[in-house]
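One structure is given here, and the rest of the page talks about it.
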Amino acid sequence: MNDPLIELRDRLREFTREREWDRYHTPKNLAMALTVEAAELAEHFQWLTPEESQSLRDGGKREQISDELADVLIYLVELADTLDIDLAAAARDKIEKNALKYPVDKARGNAKKYDEL
């Protein structure tokens, strides 16, 4: 079975090893880089109306947004790898926790936080 996250992780390990960047890829540095990349992604949406942000799917900024999403994913995968966290398993576990916090009958159709439902 091919797992895209495992394949990506392995490719990133090789990329980092070839450049001897392992010493720089500490959890602190990776978390900071992830935050920077997430901010660069958010910058594309800053000050847009919801409708304008929806139109970016097809506009000229699509490639730039795609690059920023890739940067976020890369740093997220590297951080999880450095901390020995199975990212897919963590996401599945979090979805289960969120299902308990946000039961369908209470959460459907609104954006209230779980403690306000």
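For the structure tokens, the naming scheme is as follows: chains receive sequential letters (A, B, ...) according to their order of presentation, residues are indexed from 1 within each chain, and ligands are indexed from 1 in presentation order.
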Exercise for review: List the neighbours of A:Glu68 out to 9 Å using only C-alpha atoms; skip same-chain residues closer than 5 positions along the sequence, and give me the result as a PyMOL selection string.
Suggested key: chain A and resi 37-38+40-41+63+73
Review point. Leaving out stretch 12-14 of chain A and any residue of its chain fewer than 2 positions from it, which residues lie within 10 Å of it when counting only C-alpha atoms, given as a PyMOL selection string?
Key: chain A and resi 6-10+16-22+74-75+77-78+81-82
Just write the chosen residues, C-alpha atoms, as an mmCIF file, in the first residue's frame.
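Wrote it out as result.cif, contents follow:
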```cif
data_model
loop_
_atom_site.group_PDB
_atom_site.id
_atom_site.type_symbol
_atom_site.label_atom_id
_atom_site.label_comp_id
_atom_site.auth_asym_id
_atom_site.auth_seq_id
_atom_site.Cartn_x
_atom_site.Cartn_y
_atom_site.Cartn_z
ATOM 1 C CA ILE A 6 4.999 8.332 4.175
ATOM 2 C CA GLU A 7 6.343 8.787 0.657
ATOM 3 C CA LEU A 8 6.497 12.555 1.179
ATOM 4 C CA ARG A 9 8.189 12.097 4.563
ATOM 5 C CA ASP A 10 10.801 9.796 3.046
ATOM 6 C CA THR A 16 17.287 17.215 4.064
ATOM 7 C CA ARG A 17 20.015 14.582 4.471
ATOM 8 C CA GLU A 18 21.585 15.428 1.097
ATOM 9 C CA ARG A 19 21.914 19.068 2.154
ATOM 10 C CA GLU A 20 23.031 18.250 5.713
ATOM 11 C CA TRP A 21 20.187 20.307 7.155
ATOM 12 C CA ASP A 22 19.260 17.823 9.902
ATOM 13 C CA ILE A 74 6.286 20.197 3.999
ATOM 14 C CA TYR A 75 7.086 21.809 7.331
ATOM 15 C CA VAL A 77 5.327 16.649 7.766
ATOM 16 C CA GLU A 78 8.904 17.394 8.806
ATOM 17 C CA ASP A 81 8.604 13.289 11.627
ATOM 18 C CA THR A 82 11.047 15.021 13.957
#
```
So that I can check the surroundings of stretch 86-97 of chain A, please list as a compact mmCIF listing (two decimals) with N, CA and C atoms, in the first residue's frame every protein, DNA and RNA residue that reaches within 9 Å of it, counting only C-alpha atoms and ignoring chain neighbours fewer than 4 positions away.
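Below is the file that was written, selection.txt:
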```txt
# COMPACT_ATOMS: atom_id res chain seq x y z
N LEU A 5 1.66 10.31 2.53
CA LEU A 5 2.37 11.03 3.59
C LEU A 5 3.70 10.37 3.92
N LEU A 76 4.98 20.85 8.10
CA LEU A 76 4.15 20.06 9.01
C LEU A 76 4.61 18.60 9.02
N VAL A 77 4.86 18.03 7.86
CA VAL A 77 5.33 16.65 7.77
C VAL A 77 6.69 16.51 8.42
N ALA A 80 6.26 16.71 12.29
CA ALA A 80 5.70 15.46 12.80
C ALA A 80 6.76 14.36 12.77
N ASP A 81 7.55 14.30 11.73
CA ASP A 81 8.60 13.29 11.63
C ASP A 81 9.65 13.49 12.72
N LYS A 101 -16.84 16.63 20.70
CA LYS A 101 -17.01 18.02 21.11
C LYS A 101 -18.09 18.74 20.30
N TYR A 102 -18.29 18.29 19.07
CA TYR A 102 -19.23 18.92 18.16
C TYR A 102 -20.24 17.90 17.64
```
Review point. Could you name the residues that touch A:Ile65 at 12 Å or less, counting only C-alpha atoms, but leaving out those on the same chain fewer than 5 positions away, as a PyMOL selection string?
Key: chain A and resi 37-45+53+56-60+70-72
**Study point:** Interatomic distance (Å, one decimal) between atom CA of A:Lys112 and atom CA of A:Pro50
**Key:** 18.6 Å
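Take atom CA of A:Asp105 and atom CA of A:Glu51: the distance between them is 28.5 Å.
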Practice item. Taking the chain letters and numbering used in this document, name the residues of chain A that DSSP puts in alpha helix (DSSP H), as a PyMOL selection string. Key: chain A and resi 4-18+27-43+50-55+62-82+87-101+104-107
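The spacing separating atom CA of A:Leu34 from atom CA of A:Leu79 amounts to 8.5 Å.
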